[in-house]
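Student: Have a look at this one.
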Amino acid sequence: MPAEAAVVLRVNHASRRYGGRAALDDVSLEIAAGEVYALIGRNGAGKSTLAKAAIGALSLDTGEARVLEGDPARDPAARRAIGVAPQEIALYAHMTVAENLHAFATLAGVRAGRVEAVAEAMEETACADRARQRIDQLSGGWRRRANLAAAIVHRPRLLVLDEPTEGLDAETRLVLRRLIDRLRARGAAILLISHDAEDVAALADRVGVLHAGRLVAEGAPDDLMRRAFGARQALTVRLGSHSPPAAAILGPLGLSADDDGTTWSGLVEDAPARALEVDQALRTASFRVRELTVRPPGIDALIGWAGGDAVP
Amino acid sequence: MIFVMLRVMALGLWRDRAGLVLAFGLPPVVFIVFASVFGAGASGKLDVRAGIVDQAASAQSRRLTTALDRQLGGRLAAYHDAAALKDAVANGRVDAGLTLRGDLGVDPAPATVLIHPGRRAAGEVLTAQVNAVAARALPDVMMQRELQRLSPLLALSRDQLGRLGAAPQPPPAAPFVTEEVLSGGDPIVIYYAGAVSILFLMFSAMQGAMSLIDERRSGMRLRLGLSVGGVAPLLGGRMLWLIGLGVAQALLLFGVATVVYRIPLLQSLGPWLVTATCAAAAAAGIALLLAAACQTREQAQTISTFVILILAAVGGSMAPRFLMPAALQALGWLTPHAWVIEAYQAVLWRRIVDGQVLEAWLALAGFGATGFLAALAIEGRRKL
């Protein structure tokens, strides 16, 4: 848990119901300055609802959200401290990148040094080359960069990123990761909503798992993985063809087949040694092994574990 | 912050060519069409198409036919018999018909005008034209008819009658009525300038206000919701933009009316500007309220089209209010259209700024303020 003095976002016992369904159920979390907090969960788990509540865009039935101890729904200073990059491209399509950034800098209360702030945001997101191009004339990757630039143009203390890397090319993804690293180093608190296991593993200092509106697990990524899976790793075997007799070798290890019966996977202890044994047994029995991989369990497995799914 | 929204909206229109044409090209065209149709009728320049059967076939009837054809600008068609003319009037190939028979100077009723029951006005116009042309082009025939009528009273001798009959062509009779056309705009032209102006103000304002819904849908609202000034400057900037756009649109339309129909815009520029501003504010307020109340663009499109057309029909943008039943005229005061039309007519036709004009300005400003405040309340309460 971050130190009290450094807390930028504090959510206390937040609850919100839509009809009979709990979108948020007594959620509490804190994000400190210089910390990247990744919020993960299945679709409909409440991630976006929590993000909206955190920035004051959603009223809560009970509980509260505070940014720098201010209520973002009422306190302009708290709102000024927030930058948000929604999943959609939240920019005026008929305006250029620079025109958009100037507009959002002004709306965020940047008075002195607006030109410099715009230039810096474009520099940070590597989209200065496209400054004079209209948003509706840019490709998806450039739009994402501009969307991100608009979120940071007023140098926010809390940055909320909703699926920032979805559909991004490798270069833009790298730009984004470097930017997040720089912002963290400067002391910004970052709330990252992502389905991307690589993003979460590479960027997050802490991870919170939401399930049916409840924060069911929270901690550093490695700690969570250890708590969930211990020393188990994901073992995947891809066979050359559908081979029911292979079940006699793979089944006892706890691996299960996918729908077409060619790919078997599961979490196993001492995965590298098991992989060698499986490979040898399959080849001895004349099965053709096309691929055999060992890797750490992914975000999906963690979400499943936190949601109470049976973990083999 | 208000300036930012003004700039966003201005760039949006400037870079949307179709929107520019809709806002500034279409209204003057529609106005000219309406003013040509209704303005010409009201000013007496009805283009009647007439048919004629000359059963008299005399020198006098040929002179009358030639003069009438000239008077109607060549829109006089000749028919061979009365049945063909009757058929042409009944089927609408001509607006009215004229039959000439007997001796025009002697026959008690030598001319008959055929009138379709659905075009009585055209028949009356043709009757008036025939009378005027006969007095001007056939003074000898008219005098002959007068002598015939008055001779029993005057008891003229055979010698006197003979000398009158042998007199050279007499001058046309001195007119009983002379016409003086006063200066000032054509009220029907001014009426339709106001009526078309408020109709298109509503369409343009709605188009602009719907950017509110687009922002909600694109996630922009999440970002705009963080602006330090909150919702008020975002809506205020839009309101100001829509008012400015409305005044510019009205200026163009009334400018065209000034050039084409010579309405006295420059002589009443101040009161006109206040009226145009109040009209634009009313349209902007209503449009923002509709946009704020609707969840989707599709919903707003449907509802706004319905509302705008109903307001236009009841308020007098489609047909003149003075032709409406009294109850509908009274209902019209619930629309900004009626107030706009009355205010423009007062300041440009009657050229006065009296209590009624002030009342119209207040009513229009009231529409604008109420719509804006209601939109502000809805948007302020709206959470994402």
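Just so we're on the same page: first chain in the structure tokens is A, next is B, and so on; residues restart at 1 for each chain, and ligands are numbered from 1 in the order they show up.
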Please find the residues of chain A near chain B - the criterion being any atom within 7 Å, counting only C-alpha atoms - and write them as a PyMOL selection string.

Tutor: chain A and resi 57-59+76+79-80+84+86+88-91+94+103+106-109

Student: Name the residues in contact with Gln55 (chain B) at a cut-off of 8 Å, using only C-alpha atoms, excluding same-chain residues fewer than 3 positions from it; report them as a PyMOL selection string.

Tutor: chain B and resi 81+99-102

Student: Please, could you write that set of residues out with N, CA and C atoms as a tab-separated table (two decimals), in the first residue's frame?

Tutor:
chain	number	residue	atom	x	y	z
B	81	ASP	N	-63.86	27.31	-80.52
B	81	ASP	CA	-65.26	27.39	-80.12
B	81	ASP	C	-65.39	27.38	-78.60
B	99	THR	N	-65.10	34.87	-73.69
B	99	THR	CA	-65.84	34.70	-74.94
B	99	THR	C	-66.34	36.07	-75.40
B	100	LEU	N	-66.08	36.42	-76.68
B	100	LEU	CA	-66.57	37.68	-77.26
B	100	LEU	C	-67.62	37.33	-78.30
B	101	ARG	N	-68.76	38.02	-78.22
B	101	ARG	CA	-69.81	37.72	-79.21
B	101	ARG	C	-70.57	39.02	-79.54
B	102	GLY	N	-71.20	39.02	-80.73
B	102	GLY	CA	-72.05	40.14	-81.14
B	102	GLY	C	-71.25	41.40	-81.43

Student: List the neighbours of Ala185 (chain A) out to 9 Å using only C-alpha atoms; skip same-chain residues closer than 4 positions along the sequence, and give me the result as a list in words.

Tutor: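 With the cut-off at 9 Å, the set is Gly34, Glu35, Ile180 and Asp181 of chain A.
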
Student: So that I can see what lies close to region 103-106 of chain B, please list as a ChimeraX atom specification the residues with an atom at most 9 Å from it, counting only C-alpha atoms and leaving out residues fewer than 6 positions away in the same chain.

Tutor: /B:56,58,60-61,140-145,148

Student: How about saving the chosen residues, N, CA and C atoms kept, as a PDB file, in the first residue's frame?

Tutor:
ATOM      1  N   ALA B  56     -67.314  37.097 -82.178  1.00  0.00           N
ATOM      2  CA  ALA B  56     -67.722  38.353 -82.821  1.00  0.00           C
ATOM      3  C   ALA B  56     -66.983  38.525 -84.152  1.00  0.00           C
ATOM      4  N   SER B  58     -64.957  40.643 -85.294  1.00  0.00           N
ATOM      5  CA  SER B  58     -65.055  41.984 -85.880  1.00  0.00           C
ATOM      6  C   SER B  58     -63.712  42.694 -85.718  1.00  0.00           C
ATOM      7  N   GLN B  60     -63.336  45.362 -84.050  1.00  0.00           N
ATOM      8  CA  GLN B  60     -63.259  45.764 -82.634  1.00  0.00           C
ATOM      9  C   GLN B  60     -62.788  44.594 -81.755  1.00  0.00           C
ATOM     10  N   SER B  61     -63.350  43.418 -81.996  1.00  0.00           N
ATOM     11  CA  SER B  61     -62.979  42.262 -81.159  1.00  0.00           C
ATOM     12  C   SER B  61     -61.516  41.879 -81.401  1.00  0.00           C
ATOM     13  N   ASP B 140     -63.487  54.371 -78.499  1.00  0.00           N
ATOM     14  CA  ASP B 140     -64.619  54.650 -79.375  1.00  0.00           C
ATOM     15  C   ASP B 140     -65.782  53.711 -79.087  1.00  0.00           C
ATOM     16  N   VAL B 141     -65.446  52.441 -78.854  1.00  0.00           N
ATOM     17  CA  VAL B 141     -66.485  51.452 -78.576  1.00  0.00           C
ATOM     18  C   VAL B 141     -67.138  51.760 -77.233  1.00  0.00           C
ATOM     19  N   MET B 142     -66.303  52.137 -76.279  1.00  0.00           N
ATOM     20  CA  MET B 142     -66.833  52.442 -74.948  1.00  0.00           C
ATOM     21  C   MET B 142     -67.763  53.661 -75.006  1.00  0.00           C
ATOM     22  N   MET B 143     -67.325  54.671 -75.845  1.00  0.00           N
ATOM     23  CA  MET B 143     -68.154  55.865 -75.951  1.00  0.00           C
ATOM     24  C   MET B 143     -69.487  55.535 -76.618  1.00  0.00           C
ATOM     25  N   GLN B 144     -69.411  54.662 -77.610  1.00  0.00           N
ATOM     26  CA  GLN B 144     -70.628  54.252 -78.309  1.00  0.00           C
ATOM     27  C   GLN B 144     -71.620  53.598 -77.334  1.00  0.00           C
ATOM     28  N   ARG B 145     -71.059  52.768 -76.434  1.00  0.00           N
ATOM     29  CA  ARG B 145     -71.904  52.085 -75.444  1.00  0.00           C
ATOM     30  C   ARG B 145     -72.501  53.096 -74.461  1.00  0.00           C
ATOM     31  N   GLN B 148     -75.219  55.089 -76.137  1.00  0.00           N
ATOM     32  CA  GLN B 148     -76.413  54.259 -76.257  1.00  0.00           C
ATOM     33  C   GLN B 148     -77.171  54.225 -74.924  1.00  0.00           C
TER      34      GLN B 148
END

Student: For Ala131 (chain A), which of A:Thr96, A:Thr236, A:Ser241, A:Thr165 is the closest residue, counting only C-alpha atoms?

Tutor: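 Closest to Ala131 (chain A) of all the choices is A:Thr96.
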
Student: Using DSSP on the backbone coordinates, identify all residues within region 128-244 of chain A classified as helix (DSSP H, G or I); present the result as a VMD selection string.

Tutor: chain A and resid 128 to 130 135 to 137 140 to 152 170 to 185 197 to 203 221 to 229 244

Student: Pull N, CA and C atoms from the residues just selected and write them as a short mmCIF file (atom, residue, chain, number, x, y, z; two decimals), in the first residue's frame.

Tutor:
data_model
loop_
_atom_site.label_atom_id
_atom_site.label_comp_id
_atom_site.auth_asym_id
_atom_site.auth_seq_id
_atom_site.Cartn_x
_atom_site.Cartn_y
_atom_site.Cartn_z
N ALA A 128 4.50 14.81 -33.26
CA ALA A 128 4.73 16.18 -33.74
C ALA A 128 4.71 16.25 -35.26
N ASP A 129 5.12 15.15 -35.91
CA ASP A 129 5.11 15.12 -37.39
C ASP A 129 3.72 15.31 -37.97
N ARG A 130 2.73 14.95 -37.19
CA ARG A 130 1.35 15.00 -37.70
C ARG A 130 0.57 16.18 -37.10
N ILE A 135 -7.55 14.93 -37.57
CA ILE A 135 -7.69 13.62 -36.94
C ILE A 135 -8.33 12.62 -37.90
N ASP A 136 -9.35 13.09 -38.66
CA ASP A 136 -10.03 12.14 -39.55
C ASP A 136 -9.19 11.77 -40.76
N GLN A 137 -7.99 12.34 -40.86
CA GLN A 137 -7.10 11.95 -41.96
C GLN A 137 -5.93 11.10 -41.46
N GLY A 140 -5.13 4.73 -37.57
CA GLY A 140 -5.51 4.39 -36.21
C GLY A 140 -4.42 4.62 -35.18
N GLY A 141 -3.18 4.23 -35.52
CA GLY A 141 -2.07 4.37 -34.57
C GLY A 141 -1.80 5.83 -34.23
N TRP A 142 -1.82 6.70 -35.25
CA TRP A 142 -1.57 8.13 -35.00
C TRP A 142 -2.70 8.75 -34.20
N ARG A 143 -3.91 8.29 -34.45
CA ARG A 143 -5.04 8.80 -33.66
C ARG A 143 -4.86 8.45 -32.19
N ARG A 144 -4.39 7.21 -31.94
CA ARG A 144 -4.16 6.79 -30.56
C ARG A 144 -3.12 7.68 -29.88
N ARG A 145 -2.06 7.98 -30.64
CA ARG A 145 -1.01 8.85 -30.06
C ARG A 145 -1.59 10.22 -29.73
N ALA A 146 -2.38 10.76 -30.66
CA ALA A 146 -2.97 12.08 -30.43
C ALA A 146 -3.94 12.03 -29.25
N ASN A 147 -4.67 10.93 -29.15
CA ASN A 147 -5.62 10.76 -28.04
C ASN A 147 -4.88 10.79 -26.70
N LEU A 148 -3.72 10.16 -26.71
CA LEU A 148 -2.89 10.11 -25.51
C LEU A 148 -2.29 11.50 -25.23
N ALA A 149 -1.86 12.17 -26.29
CA ALA A 149 -1.28 13.51 -26.11
C ALA A 149 -2.29 14.46 -25.48
N ALA A 150 -3.57 14.32 -25.89
CA ALA A 150 -4.60 15.19 -25.31
C ALA A 150 -4.80 14.90 -23.82
N ALA A 151 -4.50 13.66 -23.43
CA ALA A 151 -4.67 13.30 -22.01
C ALA A 151 -3.56 13.87 -21.14
N ILE A 152 -2.39 14.12 -21.73
CA ILE A 152 -1.25 14.55 -20.91
C ILE A 152 -0.87 16.01 -21.14
N ALA A 170 3.42 -2.25 -33.21
CA ALA A 170 4.50 -2.44 -32.24
C ALA A 170 5.21 -1.14 -31.90
N GLU A 171 5.37 -0.27 -32.91
CA GLU A 171 6.10 0.98 -32.67
C GLU A 171 5.32 1.89 -31.73
N THR A 172 4.03 2.02 -31.97
CA THR A 172 3.22 2.89 -31.12
C THR A 172 3.12 2.33 -29.71
N ARG A 173 3.06 1.01 -29.63
CA ARG A 173 3.02 0.36 -28.32
C ARG A 173 4.28 0.71 -27.52
N LEU A 174 5.41 0.72 -28.23
CA LEU A 174 6.68 1.06 -27.58
C LEU A 174 6.68 2.52 -27.12
N VAL A 175 6.16 3.40 -27.98
CA VAL A 175 6.06 4.82 -27.63
C VAL A 175 5.26 4.97 -26.35
N LEU A 176 4.16 4.24 -26.28
CA LEU A 176 3.28 4.34 -25.12
C LEU A 176 3.98 3.85 -23.86
N ARG A 177 4.66 2.72 -23.97
CA ARG A 177 5.33 2.16 -22.78
C ARG A 177 6.42 3.11 -22.26
N ARG A 178 7.14 3.68 -23.20
CA ARG A 178 8.19 4.62 -22.78
C ARG A 178 7.57 5.84 -22.11
N LEU A 179 6.46 6.29 -22.68
CA LEU A 179 5.79 7.45 -22.10
C LEU A 179 5.34 7.16 -20.68
N ILE A 180 4.73 5.99 -20.48
CA ILE A 180 4.26 5.64 -19.14
C ILE A 180 5.43 5.57 -18.17
N ASP A 181 6.54 5.02 -18.62
CA ASP A 181 7.73 4.97 -17.75
C ASP A 181 8.18 6.37 -17.36
N ARG A 182 8.18 7.30 -18.34
CA ARG A 182 8.61 8.68 -18.04
C ARG A 182 7.64 9.36 -17.08
N LEU A 183 6.34 9.16 -17.32
CA LEU A 183 5.35 9.81 -16.45
C LEU A 183 5.46 9.27 -15.03
N ARG A 184 5.69 7.96 -14.94
CA ARG A 184 5.85 7.37 -13.60
C ARG A 184 7.07 7.97 -12.91
N ALA A 185 8.15 8.10 -13.68
CA ALA A 185 9.38 8.66 -13.10
C ALA A 185 9.16 10.09 -12.63
N ALA A 197 -1.83 -8.82 -21.40
CA ALA A 197 -0.97 -9.40 -20.37
C ALA A 197 0.43 -8.79 -20.40
N GLU A 198 0.91 -8.55 -21.61
CA GLU A 198 2.27 -7.99 -21.73
C GLU A 198 2.34 -6.60 -21.12
N ASP A 199 1.33 -5.78 -21.42
CA ASP A 199 1.29 -4.42 -20.86
C ASP A 199 1.30 -4.47 -19.34
N VAL A 200 0.42 -5.30 -18.81
CA VAL A 200 0.29 -5.36 -17.36
C VAL A 200 1.59 -5.84 -16.73
N ALA A 201 2.17 -6.89 -17.33
CA ALA A 201 3.40 -7.44 -16.77
C ALA A 201 4.54 -6.43 -16.88
N ALA A 202 4.58 -5.69 -18.00
CA ALA A 202 5.71 -4.78 -18.23
C ALA A 202 5.56 -3.47 -17.47
N LEU A 203 4.33 -3.03 -17.24
CA LEU A 203 4.14 -1.67 -16.75
C LEU A 203 3.65 -1.57 -15.31
N PRO A 221 2.31 -7.66 -9.45
CA PRO A 221 2.02 -8.75 -10.40
C PRO A 221 2.69 -10.07 -10.02
N ASP A 222 3.96 -10.02 -9.65
CA ASP A 222 4.66 -11.27 -9.32
C ASP A 222 4.06 -11.93 -8.08
N ASP A 223 3.72 -11.08 -7.09
CA ASP A 223 3.12 -11.61 -5.86
C ASP A 223 1.80 -12.30 -6.16
N LEU A 224 0.99 -11.61 -6.99
CA LEU A 224 -0.32 -12.19 -7.33
C LEU A 224 -0.16 -13.52 -8.06
N MET A 225 0.78 -13.54 -8.98
CA MET A 225 1.02 -14.78 -9.74
C MET A 225 1.43 -15.90 -8.81
N ARG A 226 2.31 -15.56 -7.88
CA ARG A 226 2.77 -16.58 -6.94
C ARG A 226 1.61 -17.08 -6.08
N ARG A 227 0.80 -16.11 -5.61
CA ARG A 227 -0.34 -16.50 -4.78
C ARG A 227 -1.31 -17.38 -5.56
N ALA A 228 -1.47 -17.04 -6.81
CA ALA A 228 -2.47 -17.78 -7.60
C ALA A 228 -1.95 -19.13 -8.07
N PHE A 229 -0.72 -19.15 -8.51
CA PHE A 229 -0.26 -20.34 -9.23
C PHE A 229 0.97 -21.01 -8.61
N PRO A 244 -6.79 -38.88 -30.35
CA PRO A 244 -7.38 -39.24 -29.04
C PRO A 244 -6.47 -40.11 -28.16
#

Student: Do a neighbour search on Asp61 (chain A) at 8 Å with only C-alpha atoms, toss out local chain neighbours closer than 3 positions, and write the hits as a VMD selection string.

Tutor: chain A and resid 14 to 17

Student: Return as a PyMOL selection string the full set of residues in region 174-284 of chain A whose backbone-based DSSP assignment is strand (DSSP E or B).

Tutor: chain A and resi 189-193+206-211+214-219+233-239+256-257+263-268

Student: With N, CA and C atoms kept, could you save the residues just selected as a compact mmCIF listing (two decimals), in the first residue's frame?

Tutor:
# COMPACT_ATOMS: atom_id res chain seq x y z
N ALA A 189 0.53 9.40 -11.08
CA ALA A 189 -0.15 8.15 -10.75
C ALA A 189 -0.93 7.72 -11.98
N ILE A 190 -0.84 6.43 -12.30
CA ILE A 190 -1.48 5.98 -13.55
C ILE A 190 -2.41 4.81 -13.27
N LEU A 191 -3.65 4.98 -13.68
CA LEU A 191 -4.63 3.90 -13.59
C LEU A 191 -4.77 3.31 -14.99
N LEU A 192 -4.32 2.07 -15.14
CA LEU A 192 -4.27 1.43 -16.45
C LEU A 192 -5.32 0.32 -16.52
N ILE A 193 -6.26 0.48 -17.44
CA ILE A 193 -7.25 -0.59 -17.66
C ILE A 193 -6.82 -1.34 -18.90
N ARG A 206 1.28 -2.44 -9.43
CA ARG A 206 0.29 -3.25 -8.70
C ARG A 206 -0.85 -3.57 -9.66
N VAL A 207 -1.50 -4.68 -9.35
CA VAL A 207 -2.64 -5.11 -10.17
C VAL A 207 -3.85 -5.29 -9.26
N GLY A 208 -5.01 -4.83 -9.71
CA GLY A 208 -6.25 -5.09 -9.00
C GLY A 208 -7.15 -5.89 -9.91
N VAL A 209 -7.73 -6.97 -9.39
CA VAL A 209 -8.61 -7.79 -10.21
C VAL A 209 -10.06 -7.56 -9.77
N LEU A 210 -10.87 -7.10 -10.72
CA LEU A 210 -12.29 -6.89 -10.44
C LEU A 210 -13.09 -8.08 -10.93
N HIS A 211 -14.03 -8.51 -10.10
CA HIS A 211 -14.93 -9.59 -10.52
C HIS A 211 -16.31 -9.25 -10.00
N ARG A 214 -16.56 -6.42 -7.59
CA ARG A 214 -15.77 -6.48 -6.35
C ARG A 214 -14.28 -6.56 -6.69
N LEU A 215 -13.48 -5.90 -5.88
CA LEU A 215 -12.03 -6.00 -6.04
C LEU A 215 -11.60 -7.25 -5.28
N VAL A 216 -11.39 -8.35 -6.03
CA VAL A 216 -11.20 -9.66 -5.37
C VAL A 216 -9.73 -9.98 -5.11
N ALA A 217 -8.84 -9.28 -5.78
CA ALA A 217 -7.42 -9.52 -5.50
C ALA A 217 -6.64 -8.27 -5.86
N GLU A 218 -5.57 -8.04 -5.15
CA GLU A 218 -4.76 -6.85 -5.39
C GLU A 218 -3.33 -7.13 -4.94
N GLY A 219 -2.36 -6.63 -5.69
CA GLY A 219 -0.98 -6.79 -5.27
C GLY A 219 -0.02 -6.59 -6.42
N GLN A 233 3.47 -23.41 -14.13
CA GLN A 233 3.56 -22.64 -15.35
C GLN A 233 2.66 -23.28 -16.41
N ALA A 234 2.39 -22.48 -17.44
CA ALA A 234 1.49 -23.00 -18.48
C ALA A 234 2.29 -23.85 -19.46
N LEU A 235 1.86 -25.11 -19.62
CA LEU A 235 2.48 -26.02 -20.59
C LEU A 235 1.48 -26.23 -21.73
N THR A 236 1.95 -25.99 -22.96
CA THR A 236 1.07 -26.16 -24.12
C THR A 236 1.72 -27.10 -25.12
N VAL A 237 0.97 -28.08 -25.58
CA VAL A 237 1.47 -29.05 -26.56
C VAL A 237 0.55 -28.99 -27.78
N ARG A 238 1.16 -28.77 -28.96
CA ARG A 238 0.35 -28.78 -30.18
C ARG A 238 0.77 -29.98 -31.03
N LEU A 239 -0.18 -30.86 -31.29
CA LEU A 239 0.09 -32.08 -32.05
C LEU A 239 -0.17 -31.86 -33.53
N SER A 256 -5.60 -30.39 -20.72
CA SER A 256 -6.89 -30.65 -21.38
C SER A 256 -6.83 -30.17 -22.82
N ALA A 257 -7.62 -30.84 -23.68
CA ALA A 257 -7.57 -30.54 -25.12
C ALA A 257 -8.54 -29.42 -25.46
N THR A 263 -4.59 -29.25 -29.62
CA THR A 263 -3.80 -28.46 -28.67
C THR A 263 -4.21 -28.80 -27.24
N TRP A 264 -3.19 -29.16 -26.45
CA TRP A 264 -3.42 -29.53 -25.05
C TRP A 264 -2.69 -28.51 -24.19
N SER A 265 -3.34 -28.07 -23.10
CA SER A 265 -2.66 -27.08 -22.25
C SER A 265 -3.13 -27.22 -20.81
N GLY A 266 -2.31 -26.67 -19.90
CA GLY A 266 -2.66 -26.68 -18.48
C GLY A 266 -1.51 -26.14 -17.67
N LEU A 267 -1.79 -25.88 -16.39
CA LEU A 267 -0.75 -25.37 -15.49
C LEU A 267 -0.13 -26.55 -14.74
N VAL A 268 1.18 -26.62 -14.80
CA VAL A 268 1.84 -27.78 -14.17
C VAL A 268 3.03 -27.31 -13.32

Student: What does the distance from CA of Glu123 (chain A) to CA of Val7 (chain A) come to in Å, to one decimal?

Tutor: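 Interatomic distance here is 28.1 Å.
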
Student: Enter the distance from CA of Val189 (chain B) to CA of Pro264 (chain B), in Å, rounded to one decimal.

Tutor: 11.3 Å

Student: Identify which of the residues B:Ala282, B:Val37, B:Leu348, B:Leu323 lies closest to Gly366 (chain B), counting only C-alpha atoms when measuring atom-to-atom distances.

Tutor: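 Closest candidate: B:Ala282.
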
Student: To one decimal place, how far is CA of Thr125 (chain A) from CA of Ala98 (chain A) in Å?

Tutor: 12.6 Å
